[in-house]
Structure formats: C-alpha cells, structure tokens
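Let me begin by presenting the structure, written as structure tokens, before commenting on it.
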Amino acid sequence: MEIGQLVGFGVMATVFILFIRQQRPEIGQLLSIAVGIIFILYLLDYLRLIVEIISELALKAEVNAVFLRTLLRVIGIAYLAEFGAQICRDAGEGNVALKIEFAGKLMILVMTIPILIMVLESIVNIIP
Amino acid sequence: MLFQIAGIGIFISVLNIVLKQAGKEEQAQMLTLVGVVIVLLLVLQLLADLFANIRVIFNLY
C-alpha cells in the first residue's frame, strides 16, 4: 500500500512543520520545501513508468521522434516550473512565483517553435 | 531526510532557548544562522537529486 505510506509521511511531515514553525519559522519553511521534494522523488518512479509507456505507444504509432521528445520536454518544464512556483508561493512570494511561471511558459514556447514552423510549412504546402 | 531536518530544527530551537537563558544572545543568533545553513545544504542536495532525475526522465537539455 504505497498510498498509505505517502499519506502517513505527509501527515507526519505536517505535524513536524507545525511544531517547528512555532519556534523557527525559517527552518519550518525549508522543511516544507524538503517534504515537497521528497514526495516528488517518491513519485518519480511512477512518472518514469508513465513516460516509458507513452514512449512505447508512440513508437508503435510511429509518431515522429522529434514530436515526442518535445512533448516530454514540455511536460518536464511544466512540472519543474509549477513546483518552483509552488514553493515560492508557499513562502509568500507571489511575485517570484509569477516570474517563474512566466519563465516556464516562455521556455515552452521557445521549445515548441520548430513544431509551429513545421505546421505552418505544411499548411503553406497544402494551399497552392 | 525528513527526520534529519526536523531533528535539526528541534535541536536548534532547544539550544537557542538554553543560550538565551544563559544571556548569550549573540551566540544564539549565530546558532540559528548555522542551523539554517545546514538545513539549506540538505535541501539543496535533495533539490539537485530531483533536478537530475527529472532531467534524465524527460531528457531535458
């Protein structure tokens, strides 16, 4: 029962954070960041599984490898940006969180521009 | 890892109270700083681990 482990871990971490935040707010903040990271590290195995399955399916469907790689990269960037922004928002820095999200969006846009250009080219080819 | 960080936090808050009772405000301040730095190092290790893993899975870069 993995979910029992995870929920227990989360509740325990919450108790610790509540306890420590009264005495030392800064260490409580760092502890909550660490809890988030440990959670994602736990879940990374499942994430890897999902990515492998998606890759296999794409291989069977003979999707262009460039598309798949770009898709995975976009998902990775989105996860990372969301995680960082969440940490900043937890610490009460909504401004920095917004900047991180903006940076993530920009990076995704930059990464997907080649595909956009390919789409435009094929449209131009179709229209005589 | 979680227990490590929580333990450091509790340990430092207790030591801080003791030092304050003994009238050593300066050292209490320094102790707090050292504690924060140690915990920050631990968190940084975790963060580096996470980034490396995500980089491998989604083959970024």
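Just remember, in the structure tokens the first chain shown is A, the second B, etc., residues are 1-based per chain, and ligands are 1-based in the order shown.
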Pull the closest atom pair for each residue of chain B that gets at most 9 Å from chain A, along with the distance in Å to one decimal, counting only C-alpha atoms, ordering rows by chain and then ascending residue number, as CSV.
residue,atom,partner,partner_atom,distance
B:Met1,CA,A:Ala34,CA,8.3
B:Leu2,CA,A:Val35,CA,6.9
B:Phe3,CA,A:Phe16,CA,8.8
B:Ile5,CA,A:Leu31,CA,6.5
B:Ala6,CA,A:Phe16,CA,6.4
B:Ile8,CA,A:Ile27,CA,8.8
B:Gly9,CA,A:Ile27,CA,6.1
B:Ile10,CA,A:Ile20,CA,6.5
B:Ile12,CA,A:Arg24,CA,8.6
B:Ser13,CA,A:Gln23,CA,6.1
B:Val14,CA,A:Gln23,CA,9.0
B:Thr32,CA,A:Arg24,CA,8.5
B:Gly35,CA,A:Ile27,CA,8.0
B:Val36,CA,A:Ile27,CA,6.2
B:Val39,CA,A:Leu30,CA,7.1
B:Leu40,CA,A:Leu30,CA,6.9
B:Leu42,CA,A:Ala34,CA,8.4
B:Val43,CA,A:Ala34,CA,5.6
B:Leu44,CA,A:Ala34,CA,8.8
B:Leu46,CA,A:Ile37,CA,6.7
B:Leu47,CA,A:Ile37,CA,6.6
B:Asp49,CA,A:Leu41,CA,8.3
B:Leu50,CA,A:Leu41,CA,6.3
B:Phe51,CA,A:Leu80,CA,8.2
B:Asn53,CA,A:Leu44,CA,7.8
B:Ile54,CA,A:Gly76,CA,6.7
B:Arg55,CA,A:Gly76,CA,7.8
B:Ile57,CA,A:Arg48,CA,6.1
B:Phe58,CA,A:Leu72,CA,5.3
B:Asn59,CA,A:Arg73,CA,6.7
B:Leu60,CA,A:Arg73,CA,5.7
B:Tyr61,CA,A:Arg73,CA,8.7
Keeping only N, CA, C and O atoms, write the selected residues as a short mmCIF file (atom, residue, chain, number, x, y, z; two decimals), in the first residue's frame.
data_model
loop_
_atom_site.label_atom_id
_atom_site.label_comp_id
_atom_site.auth_asym_id
_atom_site.auth_seq_id
_atom_site.Cartn_x
_atom_site.Cartn_y
_atom_site.Cartn_z
N MET B 1 15.67 11.61 5.84
CA MET B 1 15.94 13.01 5.48
C MET B 1 15.01 13.94 6.23
O MET B 1 15.43 14.92 6.81
N LEU B 2 13.71 13.58 6.20
CA LEU B 2 12.72 14.41 6.91
C LEU B 2 13.06 14.48 8.39
O LEU B 2 13.07 15.56 8.98
N PHE B 3 13.39 13.30 8.98
CA PHE B 3 13.69 13.26 10.40
C PHE B 3 14.94 14.06 10.69
O PHE B 3 15.04 14.73 11.72
N ILE B 5 16.06 16.74 9.11
CA ILE B 5 15.79 18.18 9.11
C ILE B 5 14.96 18.57 10.32
O ILE B 5 15.25 19.56 11.00
N ALA B 6 13.92 17.75 10.60
CA ALA B 6 13.08 18.07 11.75
C ALA B 6 13.90 18.02 13.04
O ALA B 6 13.76 18.89 13.91
N ILE B 8 17.14 18.55 13.38
CA ILE B 8 17.99 19.74 13.46
C ILE B 8 17.18 20.94 13.93
O ILE B 8 17.62 21.71 14.78
N GLY B 9 15.96 21.07 13.39
CA GLY B 9 15.12 22.21 13.77
C GLY B 9 14.81 22.20 15.25
O GLY B 9 14.99 23.22 15.95
N ILE B 10 14.39 21.04 15.77
CA ILE B 10 14.04 20.98 17.20
C ILE B 10 15.27 21.19 18.06
O ILE B 10 15.25 21.97 19.03
N ILE B 12 17.99 22.81 17.40
CA ILE B 12 18.45 24.20 17.40
C ILE B 12 17.52 25.08 18.21
O ILE B 12 17.99 25.99 18.91
N SER B 13 16.21 24.82 18.13
CA SER B 13 15.33 25.68 18.93
C SER B 13 15.57 25.47 20.42
O SER B 13 15.57 26.44 21.19
N VAL B 14 15.83 24.21 20.81
CA VAL B 14 16.12 23.96 22.23
C VAL B 14 17.41 24.65 22.65
O VAL B 14 17.46 25.35 23.66
N THR B 32 21.41 30.02 15.21
CA THR B 32 20.28 29.99 14.29
C THR B 32 20.76 30.01 12.85
O THR B 32 20.31 29.24 12.00
N GLY B 35 22.26 26.73 11.85
CA GLY B 35 21.20 25.74 11.63
C GLY B 35 20.54 25.91 10.28
O GLY B 35 20.35 24.95 9.53
N VAL B 36 20.23 27.17 9.96
CA VAL B 36 19.57 27.43 8.68
C VAL B 36 20.47 27.01 7.53
O VAL B 36 20.01 26.40 6.55
N VAL B 39 20.52 23.16 7.21
CA VAL B 39 19.27 22.66 6.61
C VAL B 39 19.21 23.02 5.14
O VAL B 39 18.76 22.22 4.30
N LEU B 40 19.68 24.22 4.81
CA LEU B 40 19.67 24.65 3.41
C LEU B 40 20.52 23.72 2.56
O LEU B 40 20.13 23.37 1.43
N LEU B 42 21.13 20.56 3.15
CA LEU B 42 20.40 19.30 2.98
C LEU B 42 19.35 19.43 1.87
O LEU B 42 19.23 18.58 0.99
N VAL B 43 18.60 20.55 1.95
CA VAL B 43 17.54 20.75 0.96
C VAL B 43 18.13 20.89 -0.44
O VAL B 43 17.57 20.38 -1.41
N LEU B 44 19.30 21.54 -0.52
CA LEU B 44 19.93 21.71 -1.83
C LEU B 44 20.31 20.36 -2.43
O LEU B 44 20.16 20.15 -3.63
N LEU B 46 18.82 17.53 -1.90
CA LEU B 46 17.58 16.93 -2.39
C LEU B 46 17.17 17.53 -3.72
O LEU B 46 16.77 16.84 -4.66
N LEU B 47 17.29 18.88 -3.79
CA LEU B 47 16.84 19.58 -5.00
C LEU B 47 17.69 19.16 -6.20
O LEU B 47 17.16 18.93 -7.30
N ASP B 49 19.20 16.35 -6.58
CA ASP B 49 18.79 14.99 -6.91
C ASP B 49 17.53 15.01 -7.79
O ASP B 49 17.47 14.36 -8.84
N LEU B 50 16.56 15.82 -7.34
CA LEU B 50 15.30 15.92 -8.08
C LEU B 50 15.53 16.41 -9.50
O LEU B 50 15.01 15.85 -10.47
N PHE B 51 16.35 17.48 -9.63
CA PHE B 51 16.58 18.05 -10.95
C PHE B 51 17.27 17.05 -11.86
O PHE B 51 16.92 16.91 -13.03
N ASN B 53 17.12 13.81 -11.70
CA ASN B 53 16.16 12.78 -12.08
C ASN B 53 15.22 13.25 -13.17
O ASN B 53 14.98 12.55 -14.15
N ILE B 54 14.68 14.46 -12.98
CA ILE B 54 13.72 14.97 -13.97
C ILE B 54 14.42 15.17 -15.31
O ILE B 54 13.86 14.88 -16.37
N ARG B 55 15.70 15.60 -15.24
CA ARG B 55 16.44 15.79 -16.48
C ARG B 55 16.59 14.47 -17.23
O ARG B 55 16.46 14.40 -18.45
N ILE B 57 14.61 11.74 -16.91
CA ILE B 57 13.33 11.17 -17.36
C ILE B 57 12.81 11.90 -18.60
O ILE B 57 12.42 11.28 -19.58
N PHE B 58 12.81 13.21 -18.55
CA PHE B 58 12.22 13.96 -19.66
C PHE B 58 13.25 14.35 -20.70
O PHE B 58 12.98 15.18 -21.55
N ASN B 59 14.44 13.77 -20.61
CA ASN B 59 15.64 14.18 -21.36
C ASN B 59 15.65 15.64 -21.79
O ASN B 59 15.68 15.98 -22.97
N LEU B 60 15.67 16.50 -20.77
CA LEU B 60 15.86 17.92 -21.00
C LEU B 60 17.33 18.17 -21.30
O LEU B 60 18.17 17.36 -20.96
N TYR B 61 17.65 19.25 -21.86
CA TYR B 61 19.00 19.67 -22.24
C TYR B 61 19.60 18.76 -23.30
O TYR B 61 19.53 17.57 -23.21
#
Env of Ile113 of chain A: 12 Å cut, atoms = only C-alpha atoms, seq-sep filter 6 positions within chain, self excluded. Answer as a PyMOL selection string. chain A and resi 67+70+74+106-107+119-120
All residues 12 Å or closer to Ala103 of chain A, only C-alpha atoms, same chain fewer than 4 positions away omitted, as a ChimeraX atom specification: /A:77-78,80-82,84-85,96-99,107-110
Tell me, in Å to one decimal, how far atom CA of Gln86 of chain A is from atom CA of Glu101 of chain A. 9.6 Å
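Atom pair atom CA of Met30 of chain B / atom CA of Phe11 of chain B: separated by 14.3 Å.
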Distance of atom CA of Tyr42 of chain A from atom CA of Val34 of chain B, expressed in Å to one decimal place: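 Atom CA of Val34 of chain B sits 28.9 Å away from atom CA of Tyr42 of chain A.
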